[in-house]
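Dropping coords-v9.txt in here (compact mmCIF, C-alpha atoms and all ligand atoms):
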# COMPACT_ATOMS: atom_id res chain seq x y z
CA MET L 1 36.85 -17.68 29.50
CA ALA L 2 36.29 -17.37 25.77
CA LEU L 3 38.62 -14.86 24.19
CA LEU L 4 36.92 -12.54 21.76
CA SER L 5 38.82 -11.65 18.59
CA SER L 6 40.05 -8.08 18.33
CA ASP L 7 37.41 -7.33 15.66
CA ILE L 8 34.60 -8.58 17.87
CA LEU L 9 35.99 -6.74 20.90
CA GLU L 10 36.12 -3.55 18.86
CA LEU L 11 32.52 -4.08 17.76
CA LYS L 12 31.48 -4.72 21.37
CA GLU L 13 33.17 -1.53 22.54
CA ALA L 14 31.72 0.56 19.72
CA THR L 15 28.25 -0.80 20.47
CA ARG L 16 28.70 -0.10 24.18
CA ALA L 17 29.68 3.49 23.41
CA PHE L 18 26.61 3.84 21.18
CA SER L 19 24.37 2.29 23.81
CA ASP L 20 25.75 4.53 26.58
CA GLY L 21 25.56 7.64 24.43
CA GLU L 22 22.35 7.18 22.45
CA VAL L 23 20.20 4.49 24.05
CA ALA L 24 20.53 4.60 27.84
CA PRO L 25 19.92 8.37 28.17
CA VAL L 26 16.49 8.16 26.47
CA ALA L 27 15.35 4.68 27.52
CA GLN L 28 13.86 5.46 30.92
CA GLN L 29 11.58 8.32 29.88
CA LEU L 30 10.42 6.47 26.75
CA HIS L 31 9.69 3.42 28.90
CA LEU L 32 7.71 5.50 31.42
CA ASP L 33 5.70 7.13 28.61
CA ASP L 34 5.19 3.76 26.85
CA LYS L 35 6.73 5.28 23.73
CA GLU L 36 8.40 3.31 20.98
CA ILE L 37 12.04 3.53 19.95
CA PRO L 38 12.14 6.90 18.13
CA ASP L 39 12.74 7.12 14.38
CA ASP L 40 15.95 9.09 14.82
CA LEU L 41 17.40 6.40 17.09
CA LEU L 42 16.38 3.77 14.58
CA ALA L 43 18.14 5.76 11.84
CA LYS L 44 21.29 6.02 13.97
CA MET L 45 21.23 2.26 14.51
CA ALA L 46 21.03 1.81 10.75
CA ASP L 47 23.95 4.23 10.23
CA MET L 48 25.99 2.18 12.71
CA GLY L 49 25.39 -0.87 10.51
CA PHE L 50 23.63 -2.88 13.22
CA PHE L 51 21.06 -4.28 10.80
CA ALA L 52 23.86 -5.41 8.47
CA VAL L 53 25.87 -7.37 11.05
CA LEU L 54 24.75 -10.84 10.06
CA ALA L 55 23.87 -10.86 6.36
CA SER L 56 26.61 -12.04 4.06
CA LYS L 57 28.63 -9.59 2.00
CA GLU L 58 27.09 -10.97 -1.17
CA TYR L 59 23.83 -9.35 -0.09
CA GLY L 60 25.29 -6.09 1.19
CA GLY L 61 25.78 -7.24 4.78
CA LEU L 62 28.90 -7.19 6.94
CA GLY L 63 28.97 -10.98 7.24
CA LEU L 64 30.28 -10.83 10.81
CA GLY L 65 28.46 -13.90 12.06
CA ALA L 66 26.84 -15.10 15.26
CA MET L 67 29.46 -13.80 17.70
CA ALA L 68 28.87 -10.30 16.35
CA VAL L 69 25.13 -10.77 16.88
CA ALA L 70 25.88 -11.81 20.47
CA VAL L 71 27.98 -8.81 21.46
CA VAL L 72 25.84 -6.24 19.64
CA THR L 73 22.71 -7.65 21.25
CA GLU L 74 24.17 -7.67 24.76
CA GLU L 75 25.42 -4.10 24.57
CA LEU L 76 22.23 -2.69 23.04
CA SER L 77 20.10 -4.57 25.58
CA ARG L 78 22.21 -3.21 28.41
CA GLY L 79 21.01 0.23 27.28
CA TRP L 80 17.39 -0.83 26.72
CA PHE L 81 16.01 -4.34 26.42
CA SER L 82 13.72 -3.24 23.56
CA VAL L 83 16.59 -1.80 21.52
CA GLY L 84 18.51 -5.06 21.85
CA ALA L 85 15.49 -6.86 20.47
CA LEU L 86 14.89 -4.60 17.49
CA PRO L 87 17.52 -5.75 14.94
CA ALA L 88 16.60 -9.41 15.51
CA ARG L 89 13.57 -9.01 13.27
CA ASN L 90 15.65 -7.86 10.30
CA TRP L 91 18.38 -10.42 11.00
CA GLY L 92 15.85 -13.25 11.09
CA SER L 93 14.03 -12.23 7.93
CA ALA L 94 17.28 -11.65 6.05
CA LEU L 95 18.58 -15.07 7.11
CA LEU L 96 15.34 -16.73 6.00
CA LEU L 97 15.63 -15.01 2.63
CA GLU L 98 19.32 -15.81 2.20
CA LYS L 99 18.72 -19.49 2.95
CA HIS L 100 15.35 -20.04 1.33
CA GLY L 101 14.29 -17.03 -0.74
CA THR L 102 13.99 -17.02 -4.51
CA ARG L 103 16.45 -14.83 -6.39
CA GLU L 104 13.70 -12.26 -6.95
CA GLN L 105 12.79 -12.20 -3.23
CA LYS L 106 16.42 -11.72 -2.24
CA GLU L 107 16.86 -8.84 -4.67
CA ARG L 108 13.61 -7.23 -3.58
CA TRP L 109 14.02 -7.29 0.19
CA LEU L 110 17.57 -8.06 1.30
CA PRO L 111 19.13 -4.64 0.56
CA GLY L 112 16.43 -2.84 2.56
CA LEU L 113 16.60 -5.28 5.49
CA VAL L 114 20.37 -5.01 5.63
CA SER L 115 20.43 -1.21 5.48
CA GLY L 116 17.55 -0.92 7.96
CA LYS L 117 15.41 1.05 5.49
CA LEU L 118 12.96 -1.83 5.58
CA GLN L 119 11.69 -2.92 8.99
CA ALA L 120 10.56 -6.50 9.56
CA ALA L 121 8.29 -8.25 12.05
CA HIS L 122 7.37 -11.89 12.53
CA SER L 123 3.87 -13.21 13.11
CA GLY L 124 3.50 -16.82 14.16
CA THR L 125 1.49 -16.76 17.40
CA GLU L 126 -2.32 -16.91 17.37
CA PRO L 127 -5.00 -16.98 20.07
CA GLU L 128 -4.94 -20.80 20.07
CA ALA L 129 -1.37 -21.30 18.90
CA GLY L 130 1.33 -20.12 21.29
CA SER L 131 3.74 -22.86 22.35
CA ASP L 132 1.77 -25.14 20.05
CA ALA L 133 2.89 -23.10 17.06
CA ALA L 134 1.59 -25.57 14.48
CA ASN L 135 -1.98 -25.15 15.68
CA ILE L 136 -2.45 -21.98 13.65
CA LYS L 137 -5.77 -21.30 11.97
CA THR L 138 -4.99 -18.31 9.75
CA THR L 139 -5.60 -19.44 6.19
CA ALA L 140 -4.00 -18.32 2.95
CA VAL L 141 -6.02 -19.42 -0.07
CA LEU L 142 -4.50 -19.09 -3.52
CA GLN L 143 -6.84 -17.36 -6.00
CA ASP L 144 -5.59 -16.23 -9.42
CA GLY L 145 -1.97 -15.69 -8.36
CA THR L 146 -2.85 -14.08 -5.03
CA TYR L 147 -3.06 -15.50 -1.52
CA VAL L 148 -6.11 -14.28 0.38
CA LEU L 149 -5.58 -14.27 4.17
CA HIS L 150 -8.19 -14.72 6.87
CA GLY L 151 -7.47 -15.11 10.58
CA THR L 152 -6.27 -13.56 13.81
CA LYS L 153 -2.67 -13.27 14.95
CA MET L 154 -1.46 -12.46 18.47
CA TRP L 155 1.56 -10.66 19.80
CA CYS L 156 3.09 -9.45 16.56
CA THR L 157 5.77 -7.11 17.89
CA HIS L 158 6.74 -4.06 15.79
CA ALA L 159 3.84 -4.85 13.41
CA ASN L 160 2.82 -1.21 13.09
CA ARG L 161 6.27 -0.01 12.06
CA ALA L 162 7.19 -3.00 9.93
CA ASP L 163 7.14 -2.89 6.14
CA ILE L 164 7.13 -6.67 5.85
CA ILE L 165 5.88 -9.35 8.22
CA SER L 166 6.98 -12.95 7.85
CA THR L 167 3.65 -14.62 8.56
CA PHE L 168 2.81 -18.21 9.37
CA CYS L 169 -0.29 -19.19 7.34
CA ARG L 170 -2.14 -22.41 6.76
CA THR L 171 -2.17 -23.30 3.06
CA SER L 172 -3.37 -26.86 3.62
CA LYS L 173 -5.42 -28.66 6.25
CA ASP L 174 -4.01 -32.07 5.32
CA SER L 175 -0.93 -31.91 7.52
CA LYS L 176 -0.43 -30.08 10.85
CA HIS L 177 3.17 -28.93 10.32
CA GLY L 178 3.42 -29.58 6.57
CA GLY L 179 0.35 -27.44 5.85
CA ILE L 180 1.99 -24.23 7.05
CA SER L 181 3.68 -21.75 4.74
CA MET L 182 5.66 -18.57 5.29
CA LEU L 183 4.28 -15.55 3.46
CA PHE L 184 5.95 -12.15 3.45
CA VAL L 185 3.08 -9.74 4.05
CA GLU L 186 3.88 -6.27 2.69
CA LYS L 187 2.05 -3.41 4.36
CA VAL L 188 2.21 0.34 4.88
CA ARG L 189 3.65 1.62 8.15
CA GLY L 190 1.41 3.04 10.83
CA ASP L 191 -0.94 2.17 13.66
CA GLN L 192 -3.93 2.18 11.31
CA PHE L 193 -2.64 -0.78 9.25
CA MET L 194 -4.61 -1.31 6.04
CA PRO L 195 -8.30 -1.47 6.92
CA PRO L 196 -10.60 -3.22 6.42
CA GLN L 197 -8.46 -6.16 5.18
CA LEU L 198 -5.73 -5.71 7.81
CA THR L 199 -6.36 -4.10 11.18
CA GLY L 200 -4.51 -4.27 14.47
CA SER L 201 -4.90 -3.46 18.13
CA HIS L 202 -2.07 -2.62 20.50
CA ILE L 203 -1.69 -5.04 23.43
CA LYS L 204 -0.64 -3.03 26.49
CA THR L 205 2.19 -4.61 28.47
CA VAL L 206 4.01 -3.91 31.76
CA GLY L 207 7.40 -3.70 30.05
CA TYR L 208 9.21 -4.10 26.72
CA HIS L 209 7.75 -0.72 25.84
CA GLY L 210 10.09 0.28 23.03
CA MET L 211 8.30 -1.97 20.58
CA HIS L 212 4.55 -2.39 20.70
CA SER L 213 2.92 -5.77 20.19
CA TYR L 214 -0.30 -6.18 18.23
CA GLN L 215 -3.20 -8.45 17.70
CA LEU L 216 -3.69 -8.53 13.93
CA PHE L 217 -6.87 -9.28 12.04
CA PHE L 218 -6.63 -10.47 8.45
CA ASP L 219 -9.95 -10.25 6.65
CA GLY L 220 -9.40 -10.94 2.97
CA PHE L 221 -5.92 -9.37 2.91
CA GLU L 222 -4.22 -10.08 -0.42
CA VAL L 223 -0.60 -11.16 -0.78
CA PRO L 224 0.95 -11.86 -4.20
CA ALA L 225 1.90 -15.52 -4.69
CA SER L 226 5.46 -14.32 -5.36
CA ASN L 227 5.71 -13.45 -1.64
CA LEU L 228 5.63 -17.13 -0.63
CA LEU L 229 9.09 -17.81 0.82
CA GLY L 230 11.03 -19.94 -1.64
CA GLY L 231 7.95 -20.30 -3.83
CA VAL L 232 7.00 -23.65 -2.27
CA GLU L 233 4.05 -24.22 0.07
CA GLY L 234 4.20 -26.15 3.34
CA GLN L 235 7.85 -25.42 4.12
CA ALA L 236 7.52 -22.88 6.96
CA PHE L 237 8.75 -25.18 9.77
CA LYS L 238 11.67 -26.48 7.75
CA GLN L 239 12.59 -22.95 6.72
CA LEU L 240 12.45 -21.74 10.32
CA MET L 241 15.14 -24.29 11.24
CA ALA L 242 17.53 -21.85 9.55
CA VAL L 243 16.87 -19.19 12.15
CA TYR L 244 15.82 -20.79 15.39
CA GLU L 245 19.32 -21.49 16.74
CA LEU L 246 20.28 -17.91 16.06
CA ALA L 247 17.01 -16.61 17.51
CA ARG L 248 17.49 -18.47 20.79
CA MET L 249 21.11 -17.47 21.14
CA GLN L 250 20.21 -13.85 20.32
CA PHE L 251 17.37 -13.87 22.85
CA ALA L 252 19.79 -15.18 25.49
CA PHE L 253 22.08 -12.19 24.91
CA ARG L 254 19.12 -9.83 25.32
CA CYS L 255 18.65 -11.38 28.76
CA ILE L 256 22.38 -11.13 29.53
CA GLY L 257 22.48 -7.42 28.60
CA LEU L 258 19.40 -6.75 30.71
CA ALA L 259 20.84 -8.62 33.70
CA GLN L 260 24.15 -6.79 33.34
CA ALA L 261 22.35 -3.43 33.49
CA ALA L 262 20.40 -4.52 36.58
CA TYR L 263 23.56 -5.81 38.28
CA GLU L 264 25.48 -2.60 37.56
CA SER L 265 22.70 -0.47 39.01
CA ALA L 266 22.54 -2.67 42.13
CA LEU L 267 26.32 -2.57 42.54
CA GLU L 268 26.35 1.21 42.36
CA TYR L 269 23.39 1.61 44.69
CA SER L 270 24.87 -0.79 47.24
CA GLN L 271 28.00 1.37 47.43
CA SER L 272 26.13 4.63 47.95
CA ARG L 273 23.19 3.61 50.16
CA VAL L 274 24.15 3.86 53.81
CA GLN L 275 22.31 2.03 56.58
CA PHE L 276 23.50 1.37 60.12
CA GLY L 277 26.39 3.72 59.42
CA GLN L 278 27.89 1.89 56.45
CA PRO L 279 27.24 1.30 52.74
CA ILE L 280 24.92 -1.68 52.37
CA CYS L 281 27.54 -3.50 50.22
CA LYS L 282 29.41 -4.08 53.46
CA PHE L 283 26.65 -6.40 54.69
CA GLN L 284 27.38 -9.99 53.80
CA ALA L 285 23.78 -10.61 52.76
CA ILE L 286 24.09 -7.89 50.09
CA ARG L 287 27.66 -8.50 48.92
CA HIS L 288 26.94 -12.20 48.45
CA LYS L 289 23.92 -11.34 46.35
CA LEU L 290 26.22 -9.21 44.17
CA ALA L 291 28.73 -12.07 43.94
CA ASP L 292 25.99 -14.49 42.86
CA MET L 293 24.62 -12.04 40.30
CA ALA L 294 28.03 -11.43 38.71
CA THR L 295 28.77 -15.15 38.64
CA GLN L 296 25.46 -16.10 37.05
CA ILE L 297 25.73 -13.40 34.38
CA GLU L 298 29.24 -14.52 33.46
CA ALA L 299 28.17 -18.17 33.32
CA ALA L 300 25.35 -17.30 30.90
CA ARG L 301 27.64 -15.10 28.81
CA GLN L 302 30.30 -17.80 28.48
CA LEU L 303 27.72 -20.43 27.54
CA GLY L 304 26.36 -17.97 24.98
CA TYR L 305 29.82 -17.32 23.53
CA MET L 306 30.35 -21.06 23.17
CA VAL L 307 27.07 -21.37 21.26
CA ALA L 308 27.90 -18.40 19.02
CA GLN L 309 31.41 -19.68 18.38
CA LYS L 310 30.11 -23.09 17.33
CA MET L 311 27.52 -21.46 15.08
CA ASP L 312 30.28 -19.51 13.38
CA GLN L 313 32.15 -22.79 12.87
CA GLY L 314 29.07 -24.28 11.22
CA VAL L 315 28.48 -26.74 14.07
CA ARG L 316 24.88 -27.68 14.88
CA VAL L 317 23.92 -26.25 18.29
CA ASP L 318 20.17 -26.74 18.54
CA LEU L 319 20.52 -28.31 22.00
CA GLU L 320 22.98 -25.75 23.35
CA ALA L 321 21.02 -22.82 21.89
CA GLY L 322 17.96 -24.02 23.85
CA MET L 323 20.10 -24.43 26.95
CA VAL L 324 21.50 -20.91 26.84
CA LYS L 325 18.07 -19.43 26.17
CA LEU L 326 16.67 -21.28 29.18
CA PHE L 327 19.60 -20.51 31.47
CA ALA L 328 20.04 -16.85 30.52
CA SER L 329 16.33 -16.03 30.73
CA GLU L 330 15.93 -17.52 34.21
CA MET L 331 19.21 -15.94 35.27
CA ALA L 332 17.91 -12.50 34.15
CA HIS L 333 14.72 -13.05 36.13
CA ARG L 334 16.71 -13.81 39.29
CA VAL L 335 19.25 -11.05 38.81
CA CYS L 336 16.62 -8.37 38.15
CA HIS L 337 14.66 -9.51 41.20
CA GLU L 338 17.78 -9.33 43.38
CA ALA L 339 18.65 -5.92 41.94
CA VAL L 340 15.24 -4.63 43.07
CA GLN L 341 15.76 -6.25 46.47
CA ILE L 342 19.11 -4.49 46.88
CA HIS L 343 17.38 -1.18 46.08
CA GLY L 344 14.82 -1.84 48.83
CA GLY L 345 11.71 0.36 48.51
CA THR L 346 13.44 2.48 45.86
CA GLY L 347 13.37 -0.50 43.51
CA PHE L 348 9.61 -0.68 43.79
CA ALA L 349 9.19 2.91 42.55
CA ILE L 350 8.13 2.94 38.91
CA ASP L 351 10.44 5.85 38.07
CA THR L 352 13.66 3.92 38.73
CA ALA L 353 15.68 2.20 36.01
CA VAL L 354 15.95 -0.94 38.13
CA ASN L 355 12.18 -1.17 38.17
CA ARG L 356 12.24 -1.05 34.35
CA TYR L 357 14.79 -3.89 34.24
CA TRP L 358 12.58 -5.95 36.53
CA ARG L 359 9.48 -5.32 34.41
CA ASP L 360 11.31 -6.13 31.19
CA SER L 361 12.69 -9.33 32.72
CA GLY L 362 9.13 -10.68 32.89
CA LEU L 363 9.28 -11.40 29.18
CA CYS L 364 12.54 -13.37 29.34
CA THR L 365 11.05 -16.74 30.28
CA ILE L 366 8.06 -16.35 27.93
CA GLY L 367 9.32 -15.04 24.59
CA GLU L 368 11.14 -17.22 22.04
CA GLY L 369 9.92 -20.43 23.67
CA THR L 370 8.83 -20.53 27.32
CA SER L 371 11.08 -22.07 29.98
CA GLU L 372 8.70 -25.02 30.28
CA VAL L 373 8.87 -25.72 26.56
CA GLN L 374 12.66 -25.22 26.42
CA ARG L 375 13.07 -27.77 29.24
CA GLU L 376 10.87 -30.22 27.38
CA VAL L 377 12.84 -29.78 24.15
CA ILE L 378 16.14 -30.27 26.01
CA ALA L 379 14.78 -33.29 27.89
CA ARG L 380 13.64 -34.92 24.64
CA ARG L 381 17.09 -34.46 23.15
CA ILE L 382 19.04 -35.80 26.12
CA LEU L 383 16.65 -38.75 26.44
CA GLY L 384 17.11 -39.49 22.76
CA GLU L 385 13.40 -39.21 22.07
CA ARG L 386 13.77 -37.70 18.61
C1 LIG L 401 5.68 -9.09 24.71
C2 LIG L 401 5.56 -10.25 23.78
C3 LIG L 401 6.01 -10.14 22.49
C4 LIG L 401 5.85 -11.20 21.58
N1 LIG L 401 6.25 -11.04 20.28
C5 LIG L 401 5.95 -12.00 19.37
C6 LIG L 401 6.21 -11.80 17.98
O1 LIG L 401 6.75 -10.76 17.57
N2 LIG L 401 5.80 -12.76 17.11
C7 LIG L 401 5.20 -13.91 17.52
O2 LIG L 401 4.87 -14.75 16.68
N3 LIG L 401 4.96 -14.15 18.84
C8 LIG L 401 5.31 -13.22 19.76
N4 LIG L 401 5.06 -13.42 21.11
C9 LIG L 401 4.38 -14.65 21.51
C10 LIG L 401 5.24 -15.60 22.30
O3 LIG L 401 6.11 -16.27 21.43
C11 LIG L 401 4.27 -16.53 23.06
O4 LIG L 401 3.71 -15.77 24.11
C12 LIG L 401 4.94 -17.77 23.59
O5 LIG L 401 5.31 -18.62 22.53
C13 LIG L 401 4.02 -18.55 24.53
O6 LIG L 401 2.76 -18.74 23.96
P1 LIG L 401 1.45 -18.35 24.79
O7 LIG L 401 1.63 -16.96 25.31
O8 LIG L 401 0.28 -18.60 23.91
O9 LIG L 401 1.43 -19.30 26.02
P2 LIG L 401 0.93 -20.84 26.05
O10 LIG L 401 1.58 -21.59 24.97
O11 LIG L 401 -0.55 -20.85 26.13
O12 LIG L 401 1.54 -21.31 27.43
C14 LIG L 401 0.90 -21.07 28.69
C15 LIG L 401 1.70 -21.84 29.75
O13 LIG L 401 1.65 -23.24 29.47
C16 LIG L 401 2.96 -23.76 29.34
N5 LIG L 401 2.99 -24.80 28.32
C17 LIG L 401 2.48 -24.78 27.06
N6 LIG L 401 2.75 -25.91 26.41
C18 LIG L 401 3.44 -26.70 27.26
C19 LIG L 401 4.03 -27.99 27.18
N7 LIG L 401 3.97 -28.72 26.06
N8 LIG L 401 4.69 -28.46 28.26
C20 LIG L 401 4.77 -27.73 29.40
N9 LIG L 401 4.25 -26.50 29.54
C21 LIG L 401 3.60 -25.97 28.49
C22 LIG L 401 3.82 -22.56 28.93
O14 LIG L 401 5.18 -22.78 29.22
C23 LIG L 401 3.18 -21.45 29.76
O15 LIG L 401 3.68 -21.51 31.06
C24 LIG L 401 5.26 -12.39 22.02
C25 LIG L 401 4.82 -12.51 23.36
C26 LIG L 401 4.96 -11.46 24.22
C27 LIG L 401 4.44 -11.61 25.64
Mind turning this structure into structure tokens?
Amino acid sequence: MALLSSDILELKEATRAFSDGEVAPVAQQLHLDDKEIPDDLLAKMADMGFFAVLASKEYGGLGLGAMAVAVVTEELSRGWFSVGALPARNWGSALLLEKHGTREQKERWLPGLVSGKLQAAHSGTEPEAGSDAANIKTTAVLQDGTYVLHGTKMWCTHANRADIISTFCRTSKDSKHGGISMLFVEKVRGDQFMPPQLTGSHIKTVGYHGMHSYQLFFDGFEVPASNLLGGVEGQAFKQLMAVYELARMQFAFRCIGLAQAAYESALEYSQSRVQFGQPICKFQAIRHKLADMATQIEAARQLGYMVAQKMDQGVRVDLEAGMVKLFASEMAHRVCHEAVQIHGGTGFAIDTAVNRYWRDSGLCTIGEGTSEVQREVIARRILGER
């Protein structure tokens, strides 16, 4: 088992205390009401320094690295899957800026992203470009120092509350991947967006309620040319390489935190629910489920720690990051399903926390690269096809 350093253990414990005290008590009702993570909770997360975990000290961050991302994400997600997902937007944007931003872009946005005062979202997906991310149609045409955007985006999570959205746009039709650029779209906060040039509609979902996802419509929305990441067109895919290992590892720890919460609720329920004169954990069918759940969670966690550790050592882990995303997401699916099964009919009642875990787990194998696509990427690597 990977040994966590005392600093990382301390961070994990502090995050767990925060999650138990501030996140878990409000998560269920907010989920049931389909309400977003409240502003005061967001402010408390900022005060805790969660948005600053990754960014280097040079830019006002804590510079704690990938292992810190892993433990913070797991503990926040154990409280509420949506809360574990929230800081990832700022971490990703800050990393993109650190690696590829111009000096002016870093100075303009990094302090706000690190403190949490600025909220970020990412918009890549479109109606015809999901797994096939390079098939985007949204255009950004440069006119007198300004990019003018036209097109429709899908599933932009946190778009309403974000101040900046890293947006995939087509700046050239000549090359599929090489014609795509990353523009930082600045907008005002709110569900109204900035009509008529930028409007959005909330996509209702069965879970992941703490952050709402939007379809966005750009109709002549103007973005200054200085908001082009790194100031060079056609680099979006290369620039994303800087974040995708981290994004997959981080997503895996969201799944691990979610599965841990589901397992804990099933464990507790199995000890208190009595049938045939004894707690149901005494039945082999149930206790073996619990054993499998605990084992699978730990296997995912240890694989995730290995990936994070290697990232912190500067070792390339594109293959392993895909593996842990695939494994942890499918593990969370299974564990949440078994947790509902252990709760019997109670697990099917919408009011129960275990039902929330189960609903949230539906996203695990879809977001951040579907299981099918992850398998294909892994297969290509192990077959030496690229
Ligand atoms: C709640 C939620 C939040 C999201 N948030 C964001 C966000 O903030 N920003 C953002 O940009 N996107 C976001 N997404 C989009 C997400 O990344 C996509 O849903 C995902 O990439 C899959 O794309 P798709 O839904 O278009 O499915 P498709 O790509 O159409 O896939 C449909 C099915 O076909 C399979 N498939 C596709 N291609 C292949 C292939 N080559 N081989 C085998 N099988 C294949 C898929 O695995 C899947 O089973 C979000 C999605 C959801 C549901």
Task: Residue contacts of segment 173-179 of chain L (10 Å, only C-alpha atoms) excluding same-chain residues fewer than 4 positions away, as number ranges by chain - done: L: 133-137, 139, 169, 233-238
Task: atom CA of Gly61 of chain L to atom CA of Arg103 of chain L, straight-line distance in Å - done: 16.4 Å
Please, which residues in segment 30-109 of chain L fall within 12 Å of segment 250-264 of chain L when counting all atoms listed in the file, and what is the closest atom pair and distance in Å to one decimal for each, ordered by chain then residue number, as JSON lines?
{"residue": "L:Leu54", "atom": "CA", "partner": "L:Gln250", "partner_atom": "CA", "distance": 11.6}
{"residue": "L:Gly65", "atom": "CA", "partner": "L:Gln250", "partner_atom": "CA", "distance": 11.7}
{"residue": "L:Ala66", "atom": "CA", "partner": "L:Gln250", "partner_atom": "CA", "distance": 8.4}
{"residue": "L:Met67", "atom": "CA", "partner": "L:Gln250", "partner_atom": "CA", "distance": 9.6}
{"residue": "L:Ala68", "atom": "CA", "partner": "L:Gln250", "partner_atom": "CA", "distance": 10.2}
{"residue": "L:Val69", "atom": "CA", "partner": "L:Gln250", "partner_atom": "CA", "distance": 6.7}
{"residue": "L:Ala70", "atom": "CA", "partner": "L:Phe253", "partner_atom": "CA", "distance": 5.9}
{"residue": "L:Val71", "atom": "CA", "partner": "L:Phe253", "partner_atom": "CA", "distance": 7.6}
{"residue": "L:Val72", "atom": "CA", "partner": "L:Phe253", "partner_atom": "CA", "distance": 8.8}
{"residue": "L:Thr73", "atom": "CA", "partner": "L:Arg254", "partner_atom": "CA", "distance": 5.8}
{"residue": "L:Glu74", "atom": "CA", "partner": "L:Gly257", "partner_atom": "CA", "distance": 4.2}
{"residue": "L:Glu75", "atom": "CA", "partner": "L:Gly257", "partner_atom": "CA", "distance": 6.0}
{"residue": "L:Leu76", "atom": "CA", "partner": "L:Gly257", "partner_atom": "CA", "distance": 7.3}
{"residue": "L:Ser77", "atom": "CA", "partner": "L:Gly257", "partner_atom": "CA", "distance": 4.8}
{"residue": "L:Arg78", "atom": "CA", "partner": "L:Gly257", "partner_atom": "CA", "distance": 4.2}
{"residue": "L:Gly79", "atom": "CA", "partner": "L:Ala261", "partner_atom": "CA", "distance": 7.3}
{"residue": "L:Trp80", "atom": "CA", "partner": "L:Leu258", "partner_atom": "CA", "distance": 7.4}
{"residue": "L:Phe81", "atom": "CA", "partner": "L:Leu258", "partner_atom": "CA", "distance": 6.0}
{"residue": "L:Ser82", "atom": "CA", "partner": "L:Arg254", "partner_atom": "CA", "distance": 8.7}
{"residue": "L:Val83", "atom": "CA", "partner": "L:Arg254", "partner_atom": "CA", "distance": 9.2}
{"residue": "L:Gly84", "atom": "CA", "partner": "L:Arg254", "partner_atom": "CA", "distance": 5.9}
{"residue": "L:Ala85", "atom": "CA", "partner": "L:Arg254", "partner_atom": "CA", "distance": 6.7}
{"residue": "L:Leu86", "atom": "CA", "partner": "L:Arg254", "partner_atom": "CA", "distance": 10.3}
{"residue": "L:Pro87", "atom": "CA", "partner": "L:Gln250", "partner_atom": "CA", "distance": 10.1}
{"residue": "L:Ala88", "atom": "CA", "partner": "L:Gln250", "partner_atom": "CA", "distance": 7.5}
{"residue": "L:Arg89", "atom": "CA", "partner": "L:Gln250", "partner_atom": "CA", "distance": 10.8}
{"residue": "L:Trp91", "atom": "CA", "partner": "L:Gln250", "partner_atom": "CA", "distance": 10.1}
{"residue": "L:Gly92", "atom": "CA", "partner": "L:Gln250", "partner_atom": "CA", "distance": 10.2}
Task: Between atom CA of Phe276 of chain L and atom CA of Ala339 of chain L, distance in Å (one decimal) - done: 20.2 Å
Open item on the list: Around ligand LIG 401 (chain L), out to 7 Å and counting all atoms listed in the file, which residues are there? I want them as a PyMOL selection string.
Closed with: chain L and resi 121-125+127-132+154-158+205+208+213+363+366-373+376
Could you turn the residues from that selection into a file that holds C-alpha atoms, as a PDB file, in the frame of the given file?
ATOM      1  CA  ALA L 121       8.290  -8.250  12.050  1.00  0.00           C
ATOM      2  CA  HIS L 122       7.370 -11.890  12.530  1.00  0.00           C
ATOM      3  CA  SER L 123       3.870 -13.210  13.110  1.00  0.00           C
ATOM      4  CA  GLY L 124       3.500 -16.820  14.160  1.00  0.00           C
ATOM      5  CA  THR L 125       1.490 -16.760  17.400  1.00  0.00           C
ATOM      6  CA  PRO L 127      -5.000 -16.980  20.070  1.00  0.00           C
ATOM      7  CA  GLU L 128      -4.940 -20.800  20.070  1.00  0.00           C
ATOM      8  CA  ALA L 129      -1.370 -21.300  18.900  1.00  0.00           C
ATOM      9  CA  GLY L 130       1.330 -20.120  21.290  1.00  0.00           C
ATOM     10  CA  SER L 131       3.740 -22.860  22.350  1.00  0.00           C
ATOM     11  CA  ASP L 132       1.770 -25.140  20.050  1.00  0.00           C
ATOM     12  CA  MET L 154      -1.460 -12.460  18.470  1.00  0.00           C
ATOM     13  CA  TRP L 155       1.560 -10.660  19.800  1.00  0.00           C
ATOM     14  CA  CYS L 156       3.090  -9.450  16.560  1.00  0.00           C
ATOM     15  CA  THR L 157       5.770  -7.110  17.890  1.00  0.00           C
ATOM     16  CA  HIS L 158       6.740  -4.060  15.790  1.00  0.00           C
ATOM     17  CA  THR L 205       2.190  -4.610  28.470  1.00  0.00           C
ATOM     18  CA  TYR L 208       9.210  -4.100  26.720  1.00  0.00           C
ATOM     19  CA  SER L 213       2.920  -5.770  20.190  1.00  0.00           C
ATOM     20  CA  LEU L 363       9.280 -11.400  29.180  1.00  0.00           C
ATOM     21  CA  ILE L 366       8.060 -16.350  27.930  1.00  0.00           C
ATOM     22  CA  GLY L 367       9.320 -15.040  24.590  1.00  0.00           C
ATOM     23  CA  GLU L 368      11.140 -17.220  22.040  1.00  0.00           C
ATOM     24  CA  GLY L 369       9.920 -20.430  23.670  1.00  0.00           C
ATOM     25  CA  THR L 370       8.830 -20.530  27.320  1.00  0.00           C
ATOM     26  CA  SER L 371      11.080 -22.070  29.980  1.00  0.00           C
ATOM     27  CA  GLU L 372       8.700 -25.020  30.280  1.00  0.00           C
ATOM     28  CA  VAL L 373       8.870 -25.720  26.560  1.00  0.00           C
ATOM     29  CA  GLU L 376      10.870 -30.220  27.380  1.00  0.00           C
TER      30      GLU L 376
END
